[in-house]
Amino acid sequence: MKSQTKPLLEIWKWQADAACRGMDSSVFFSPTGERGAARRRREEAARAICGSCPVSSACDLFAKASRQAYGVWGGRTEAERREKAQDVRRH
Ligand code: SF4
């Protein structure tokens, strides 16, 4: 019987080429209570990094598949991922 599981390295290898590799995760994840302009500025900074990332598609797919509730992944904010998921459910 053939194994249904993939080696972990294969699942995660896209992260080796991530533009955010080694960066402080606080750019991508909001601190408790962050709102308004501070949130928008941090998310734009994260999106700018994602915009030059060679693995942004893989990151976006991973975030959707694993239902990441928080943070900017693949250039999308958590609010954008929620909206996209709702659009998909509506149609
Ligand atoms: S798309 Fe953004 S969050 Fe995802 S790996 Fe690239 S830089 Fe990091």
# chains A, B, ... in the order shown; residues from 1 in each chain; ligands from 1
$ select_by_dssp --residues "chain A" --states "helix (DSSP H, G or I)" --output "number ranges by chain"
A: 8-17, 25-27, 36-51, 56-65, 78-90
$ residues_near_ligand --ligand "ligand 1" --cutoff "7 Å" --atoms "only C-alpha atoms and all ligand atoms" --output "list in words"
Gln15, Ala18, Ala19, Cys20, Arg21, Phe28, Ala46, Arg47, Ile49, Cys50, Cys53, Pro54, Val55, Ser56, Cys59, Asp60, Val72, Trp73, Gly74 and Gly75 of chain A
$ closest_residue --among "A:Ala69, A:Phe62, A:Arg89, A:Arg40" --to "Trp12 (chain A)" --atoms "only C-alpha atoms"
A:Phe62
